[in-house]
Amino acid sequence: MLHLLQKPLAAAQPSRRTFLKASAGAIGGLVLAMNLPRSAASAAEGEFIQPFVHIRPDNTVVVLSKHLDKGQGTASGLATLVADELDAAHDQVTVEFAPSDPQVYANSLFGVQGTGGSTAMANSFMQYRQAGAAAKAMIVAAAAKAWGVPVGEITVSKGVVSHGSGDSATLGALAGLAAAEEVPAEPVLKTPDQWVYIGKSFPRLDVKNKSAGAPNTYTMDFQRDGLLVATVARAPRFGGKVKSFDAGEAMKVPGVVRVLQIPNGVAVVAESTWPAIRGRSLLEIEWDDSAAETRSSDAMIAELKEMTVSPPVKVREDGDVAAALEASAKVIEADYDFPLLAHGAMEPLDIAMMFDGETAEFWFGSQIQTIDHNVAAAVLGIPFQNVKINTLWAGGSFGRRAQADAHPVAEIATLGKAMQAAGMAPAPVKIVWTREDDMTGGYYRPMSAHRIRVGLDAAGNVTAFQYNIAAKSIVKGTAFEAVLMKDGVDHSMTEGAHDTSYAFPLMNMDLAYQETQVPVLWWRSVGHTHTAYVMETMIDRLAKEAGKDPVAYRLELIRDDPRKAHVLRLAAEKAGWDQPLPDGRYRGVAVHKSFGSYVAEVAEISFRDDGTVKVEKVTAAVDCGTPVNPDNIVAQVEGGIGYGLGAVLRNQVTLVDGVVEETNFDTYEPLRMSDMPEVEVHIVASNEPPTGIGEPGTPPIGPAVANAIASAKGEWITSLPLSKAGLV
Amino acid sequence: MSITLSINGEKRALDADPDSPLLWALRDELKLTGTKFGCGIASCGACTVHLDGMPIRSCQTMVGDVEGAEITTIEGINGKAAQAVEAAWQELEVPQCGYCQSGQIMAAAALLADTPKPTDDDIDAAMDGNVCRCATYARIRKAIHLASDKMEA
């Protein structure tokens, strides 16, 4: 996938375009083979230091997470793997984020250090178990020598190393000795029946701090002596530039230190956050919108709909669908559209940096460390090794912190250079995005239009399926293009549709790319956010056309996809699909595979007196391979359903003359407590390799709810959010 | 100008504009960063603190308006309800990203101090102002009921 830059980029000008080009150009065939843990020479006395696990003399086992934890539980998941193979006790394990080093900490599915695509567990499952097993083998070898007994007679359980003769020691007591042992090339892993935490329980390591408002957790909380806080006035229209500005009133705010123009806009640098926010509100800026997007979202949706009539890019070509449609007894037509969506993580974007002219240190929720690191070095014009990135816990991301252009890094780096050029003494600085900045700042889930034409024979069987889609590509024109575009196709737009396992006799899929200055980005489950809705509502329609039960109809068409069929049957059974519902209740079902995992959801709804829909209950079944931490899988599916439901019910980002209308949670109303359905999650037992769980709970909820609405009203909603149809 | 606030049982003097939000005085001046900035318009509840025991949004509460009142933040919360809530939160592993959870806990503790056996409707009414983008709502609801049980035990 993302074989990105290992080496620092040459110093580049601080413009986004320049380093995007440089990034794309530097992508080669670099594939970083992942090594087993290697001995490190820098261990302190009595300390065991390996890339993924440190054991301290105080008996603390520190697991280094190469992945960002933005709520999905990855850090604790990786710790589970190490603790199990090492036989550490839960209460002696802590987790820290690994430094930025693509040679050691690359995501083996990306080739660079980064988190995304629900790959964290999939790419780490063997690596972190091996790290734990290697550490245990070294501990045991050291104990055997110290006690003069055979290795095979030593056991480790819950952090205690023992021998039948009565010798016993903690992991911490043996750490120093173990550090001198040779790292085993092929450590013996446990068999699944020997697991003590995997598939059972390993409570999350972050819940205590997060339930106590602990300091130094998030970037927003970052503190340093002499810390400056900056806000940036960015162009109200995407692609706009500063023409001129007057900082006179802003400078009068007590605590405002400096107002500086940077490529992205005008930065107000202050002694603390409130003066930075107040000062910015008093700036007078004239913007140059000559190159900006000035259309309204309605016009852009209309353009997308036109583009779906005859899209130029062939994604899937089974044969002559046009002829088959012509020959069909009946053709079902459906046209869908989906809005821009903001991620709306609870922690708005933020980033802190200390730049002294030669070296730079960053603190933030870095999601793709290797890109962030390279962009930092390039923009600051310093060597790669002079940049240090400290990854902090992130208050959500949902895709927002994984940018191809590392724009928050680039922005603060340009601010650091501007501060230097203005003669300011080097000082740590933090850029805080307000909710309004975060909401109106772009990098949205792209808006899209879908045009479906399905041919049926006289018996209602599908003869041919034509799927056309138009949207702005997330990867085209970015550093991701070289590795994620294949034959001119951005498959992140068509995933979940072109690769469907529904066995249609003939299916073609065509694609068109919209051009706009509105920056777009992955949003929890990416293309599946719209393709699952289209596929699963269409399947429901087709089942009705065929006069068949929606579950039975799906099972016929996925007969060659047993794992998908299994979750569908399980969800249907647990939801009582065959049982009658009380009056006023309606059900809908959807099943979808994403990021290697299969999720089926049955939504049960009712209607309030005012006609709005209330989702009462969702019954989910999930097959994500070997379940590492079952409770976290349940949590991610619960959360994935809630995240998707909020968007489907009432979220959209709209533009009027290029300006975003929804600026905060009052107009982009998130799902709230009273909207949350009861959720029941059933996990399929499996010995398959673990696959994604952060995202796969999200795609089925929209179509499951839409299908439930259709079972009540007979019509499927084809334009989201549901609030547009008066249902919210 | 110098203002004295009573925070978590201590008198704290700070140099702040009386028309500035309590949120930023807590976070930037007093370094009490457990209280979070989420929206700035009292729409998300991440900044919830207690003012004489009542849950309020510190982003829309001005420093000059709370002199003389007793302010409690997540760092200083205690008492039966608060302890039960924090224990239940950990037991049910409520937090995901965790950023909203200080505010959720402050709202839940205030609810339970006032209504020790809340119904689901009580929970909806008390907690609807606290947004969780990870949608941990199902666990928050369970944790409030569990905390209620713990208070009884």
# chains A, B, ... in the order shown; residues from 1 in each chain; ligands from 1
call {"tool": "interface_residues", "arguments": {"of": "chain B", "to": "chain A", "cutoff": "9 Å", "atoms": "only C-alpha atoms", "output": "PyMOL selection string"}}
result
chain B and resi 17+20-21+24-25+27-29+31-41+43-44+46+74-75+86-87+89-91+93-102+105+121+123-125+127-141
call {"tool": "residues_around", "arguments": {"residues": "Leu649 of chain A", "least_positions_apart": "6", "cutoff": "9 Å", "atoms": "only C-alpha atoms", "output": "JSON, numbers by chain"}}
result
{"A": [613, 671, 702, 720, 721, 722, 723, 727, 728]}
call {"tool": "write_last_selection", "arguments": {"atoms": "N, CA and C atoms", "output": "short mmCIF file (atom, residue, chain, number, x, y, z; two decimals), in the first residue's frame"}}
result
data_model
loop_
_atom_site.label_atom_id
_atom_site.label_comp_id
_atom_site.auth_asym_id
_atom_site.auth_seq_id
_atom_site.Cartn_x
_atom_site.Cartn_y
_atom_site.Cartn_z
N VAL A 613 -38.18 9.41 13.05
CA VAL A 613 -37.80 8.02 13.28
C VAL A 613 -36.98 7.91 14.56
N LEU A 671 -25.01 12.88 17.19
CA LEU A 671 -25.85 11.93 17.90
C LEU A 671 -25.74 12.21 19.39
N GLY A 702 -26.55 2.65 8.35
CA GLY A 702 -27.38 3.51 7.49
C GLY A 702 -28.40 2.69 6.70
N LEU A 720 -29.24 11.54 1.44
CA LEU A 720 -28.96 11.68 2.87
C LEU A 720 -28.55 13.11 3.22
N PRO A 721 -28.72 13.50 4.50
CA PRO A 721 -29.21 12.73 5.63
C PRO A 721 -30.73 12.57 5.62
N LEU A 722 -31.23 11.71 6.52
CA LEU A 722 -32.67 11.43 6.60
C LEU A 722 -33.47 12.66 6.99
N SER A 723 -32.81 13.62 7.66
CA SER A 723 -33.53 14.83 8.07
C SER A 723 -34.09 15.58 6.86
N LEU A 727 -37.61 13.06 8.42
CA LEU A 727 -37.68 11.91 9.32
C LEU A 727 -36.93 12.13 10.62
N VAL A 728 -36.30 13.29 10.77
CA VAL A 728 -35.53 13.55 11.99
C VAL A 728 -35.97 14.89 12.55
#
call {"tool": "residues_around", "arguments": {"residues": "Lys136 of chain A", "least_positions_apart": "5", "cutoff": "8 Å", "atoms": "only C-alpha atoms", "output": "list in words"}}
result
Glu85, Leu86 and Asp87 of chain A
call {"tool": "select_by_dssp", "arguments": {"residues": "segment 459-669 of chain A", "states": "helix (DSSP H, G or I)", "output": "MDAnalysis selection string"}}
result
chainID A and resid 481:484 528:546 550:557 562:574 630:650
call {"tool": "select_by_dssp", "arguments": {"residues": "chain B", "states": "strand (DSSP E)", "output": "PyMOL selection string"}}
result
chain B and resi 2-7+10-15+48-51+54-57+70-72
call {"tool": "residues_around", "arguments": {"residues": "Val66 of chain B", "least_positions_apart": "2", "cutoff": "9 Å", "atoms": "only C-alpha atoms", "output": "PyMOL selection string"}}
result
chain B and resi 5-6+22+51+61-64+68-71
call {"tool": "atom_distance", "arguments": {"atom1": "atom CA of Arg451 of chain A", "atom2": "atom CA of Asp540 of chain A"}}
result
16.5 Å
call {"tool": "atom_distance", "arguments": {"atom1": "atom CA of Pro446 of chain A", "atom2": "atom CA of Ile412 of chain A"}}
result
25.8 Å
call {"tool": "atom_distance", "arguments": {"atom1": "atom CA of Asp561 of chain A", "atom2": "atom CA of Val462 of chain A"}}
result
18.4 Å
call {"tool": "residues_around", "arguments": {"residues": "segment 159-172 of chain A", "least_positions_apart": "6", "cutoff": "7 Å", "atoms": "only C-alpha atoms", "output": "PyMOL selection string"}}
result
chain A and resi 55-60+87-89+153
call {"tool": "residues_around", "arguments": {"residues": "Ile3 of chain B", "least_positions_apart": "3", "cutoff": "7 Å", "atoms": "only C-alpha atoms", "output": "list in words"}}
result
Ala13, Leu14, Asp15 and Ala16 of chain B
call {"tool": "residues_around", "arguments": {"residues": "Ala108 of chain B", "least_positions_apart": "3", "cutoff": "9 Å", "atoms": "only C-alpha atoms", "output": "list in words"}}
result
Ala81, Ala82, Val85, Gly103, Gln104, Ile105, Leu111, Leu112, Ala113, Ile123, Ala126, Met127, Ile140 and Ile144 of chain B
call {"tool": "closest_residue", "arguments": {"among": "A:Pro99, A:Pro236, A:Gly117, A:Gly77", "to": "Val656 of chain A", "atoms": "only C-alpha atoms"}}
result
A:Pro236
call {"tool": "closest_residue", "arguments": {"among": "A:Ala712, A:Met353, A:Ala270, A:Leu304", "to": "Ala512 of chain A", "atoms": "only C-alpha atoms"}}
result
A:Leu304
call {"tool": "decode", "arguments": {"residues": "segment 654-681 of chain A", "atoms": "N, CA and C atoms", "output": "PDB file, in the first residue's frame"}}
result
ATOM      1  N   THR A 654     -22.801  21.827   4.256  1.00  0.00           N
ATOM      2  CA  THR A 654     -23.254  22.467   3.019  1.00  0.00           C
ATOM      3  C   THR A 654     -22.498  23.771   2.797  1.00  0.00           C
ATOM      4  N   LEU A 655     -22.365  24.140   1.530  1.00  0.00           N
ATOM      5  CA  LEU A 655     -21.674  25.382   1.179  1.00  0.00           C
ATOM      6  C   LEU A 655     -22.669  26.329   0.506  1.00  0.00           C
ATOM      7  N   VAL A 656     -22.559  27.592   0.850  1.00  0.00           N
ATOM      8  CA  VAL A 656     -23.276  28.628   0.117  1.00  0.00           C
ATOM      9  C   VAL A 656     -22.232  29.574  -0.450  1.00  0.00           C
ATOM     10  N   ASP A 657     -22.184  29.653  -1.752  1.00  0.00           N
ATOM     11  CA  ASP A 657     -21.153  30.455  -2.436  1.00  0.00           C
ATOM     12  C   ASP A 657     -19.759  30.114  -1.909  1.00  0.00           C
ATOM     13  N   GLY A 658     -19.549  28.843  -1.638  1.00  0.00           N
ATOM     14  CA  GLY A 658     -18.225  28.387  -1.222  1.00  0.00           C
ATOM     15  C   GLY A 658     -17.949  28.465   0.262  1.00  0.00           C
ATOM     16  N   VAL A 659     -18.874  29.048   1.029  1.00  0.00           N
ATOM     17  CA  VAL A 659     -18.658  29.204   2.472  1.00  0.00           C
ATOM     18  C   VAL A 659     -19.461  28.138   3.232  1.00  0.00           C
ATOM     19  N   VAL A 660     -18.795  27.469   4.182  1.00  0.00           N
ATOM     20  CA  VAL A 660     -19.449  26.408   4.947  1.00  0.00           C
ATOM     21  C   VAL A 660     -20.527  26.992   5.854  1.00  0.00           C
ATOM     22  N   GLU A 661     -21.700  26.364   5.816  1.00  0.00           N
ATOM     23  CA  GLU A 661     -22.822  26.854   6.635  1.00  0.00           C
ATOM     24  C   GLU A 661     -22.788  26.324   8.055  1.00  0.00           C
ATOM     25  N   GLU A 662     -22.373  25.057   8.226  1.00  0.00           N
ATOM     26  CA  GLU A 662     -22.417  24.426   9.554  1.00  0.00           C
ATOM     27  C   GLU A 662     -21.089  24.704  10.244  1.00  0.00           C
ATOM     28  N   THR A 663     -21.136  25.489  11.311  1.00  0.00           N
ATOM     29  CA  THR A 663     -19.889  25.938  11.911  1.00  0.00           C
ATOM     30  C   THR A 663     -19.619  25.319  13.272  1.00  0.00           C
ATOM     31  N   ASN A 664     -20.616  24.650  13.861  1.00  0.00           N
ATOM     32  CA  ASN A 664     -20.401  24.120  15.213  1.00  0.00           C
ATOM     33  C   ASN A 664     -21.449  23.033  15.457  1.00  0.00           C
ATOM     34  N   PHE A 665     -21.458  22.480  16.666  1.00  0.00           N
ATOM     35  CA  PHE A 665     -22.376  21.389  16.986  1.00  0.00           C
ATOM     36  C   PHE A 665     -23.835  21.840  17.086  1.00  0.00           C
ATOM     37  N   ASP A 666     -24.085  23.143  17.020  1.00  0.00           N
ATOM     38  CA  ASP A 666     -25.492  23.569  17.029  1.00  0.00           C
ATOM     39  C   ASP A 666     -26.133  23.353  15.656  1.00  0.00           C
ATOM     40  N   THR A 667     -25.314  23.460  14.610  1.00  0.00           N
ATOM     41  CA  THR A 667     -25.853  23.271  13.265  1.00  0.00           C
ATOM     42  C   THR A 667     -25.411  21.940  12.653  1.00  0.00           C
ATOM     43  N   TYR A 668     -24.390  21.324  13.224  1.00  0.00           N
ATOM     44  CA  TYR A 668     -23.964  19.984  12.813  1.00  0.00           C
ATOM     45  C   TYR A 668     -24.167  19.131  14.060  1.00  0.00           C
ATOM     46  N   GLU A 669     -25.439  18.797  14.257  1.00  0.00           N
ATOM     47  CA  GLU A 669     -25.886  18.228  15.533  1.00  0.00           C
ATOM     48  C   GLU A 669     -25.456  16.761  15.650  1.00  0.00           C
ATOM     49  N   PRO A 670     -24.586  16.455  16.607  1.00  0.00           N
ATOM     50  CA  PRO A 670     -24.127  15.072  16.723  1.00  0.00           C
ATOM     51  C   PRO A 670     -25.200  14.174  17.328  1.00  0.00           C
ATOM     52  N   LEU A 671     -25.006  12.878  17.187  1.00  0.00           N
ATOM     53  CA  LEU A 671     -25.851  11.927  17.904  1.00  0.00           C
ATOM     54  C   LEU A 671     -25.738  12.206  19.385  1.00  0.00           C
ATOM     55  N   ARG A 672     -26.855  12.144  20.076  1.00  0.00           N
ATOM     56  CA  ARG A 672     -26.841  12.379  21.516  1.00  0.00           C
ATOM     57  C   ARG A 672     -27.417  11.172  22.262  1.00  0.00           C
ATOM     58  N   MET A 673     -27.284  11.230  23.575  1.00  0.00           N
ATOM     59  CA  MET A 673     -27.718  10.115  24.432  1.00  0.00           C
ATOM     60  C   MET A 673     -29.106   9.608  24.069  1.00  0.00           C
ATOM     61  N   SER A 674     -30.066  10.547  23.906  1.00  0.00           N
ATOM     62  CA  SER A 674     -31.449  10.125  23.678  1.00  0.00           C
ATOM     63  C   SER A 674     -31.649   9.526  22.290  1.00  0.00           C
ATOM     64  N   ASP A 675     -30.658   9.690  21.388  1.00  0.00           N
ATOM     65  CA  ASP A 675     -30.759   9.101  20.049  1.00  0.00           C
ATOM     66  C   ASP A 675     -30.179   7.690  20.011  1.00  0.00           C
ATOM     67  N   MET A 676     -29.408   7.337  21.035  1.00  0.00           N
ATOM     68  CA  MET A 676     -28.623   6.100  20.967  1.00  0.00           C
ATOM     69  C   MET A 676     -29.509   4.886  21.184  1.00  0.00           C
ATOM     70  N   PRO A 677     -29.521   3.976  20.223  1.00  0.00           N
ATOM     71  CA  PRO A 677     -30.325   2.763  20.409  1.00  0.00           C
ATOM     72  C   PRO A 677     -29.646   1.797  21.379  1.00  0.00           C
ATOM     73  N   GLU A 678     -30.415   0.869  21.860  1.00  0.00           N
ATOM     74  CA  GLU A 678     -29.828  -0.273  22.553  1.00  0.00           C
ATOM     75  C   GLU A 678     -29.056  -1.068  21.501  1.00  0.00           C
ATOM     76  N   VAL A 679     -27.834  -1.476  21.834  1.00  0.00           N
ATOM     77  CA  VAL A 679     -27.017  -2.218  20.864  1.00  0.00           C
ATOM     78  C   VAL A 679     -26.603  -3.548  21.473  1.00  0.00           C
ATOM     79  N   GLU A 680     -26.791  -4.597  20.695  1.00  0.00           N
ATOM     80  CA  GLU A 680     -26.392  -5.935  21.129  1.00  0.00           C
ATOM     81  C   GLU A 680     -25.400  -6.449  20.092  1.00  0.00           C
ATOM     82  N   VAL A 681     -24.233  -6.876  20.538  1.00  0.00           N
ATOM     83  CA  VAL A 681     -23.181  -7.291  19.601  1.00  0.00           C
ATOM     84  C   VAL A 681     -22.823  -8.755  19.840  1.00  0.00           C
TER      85      VAL A 681
END
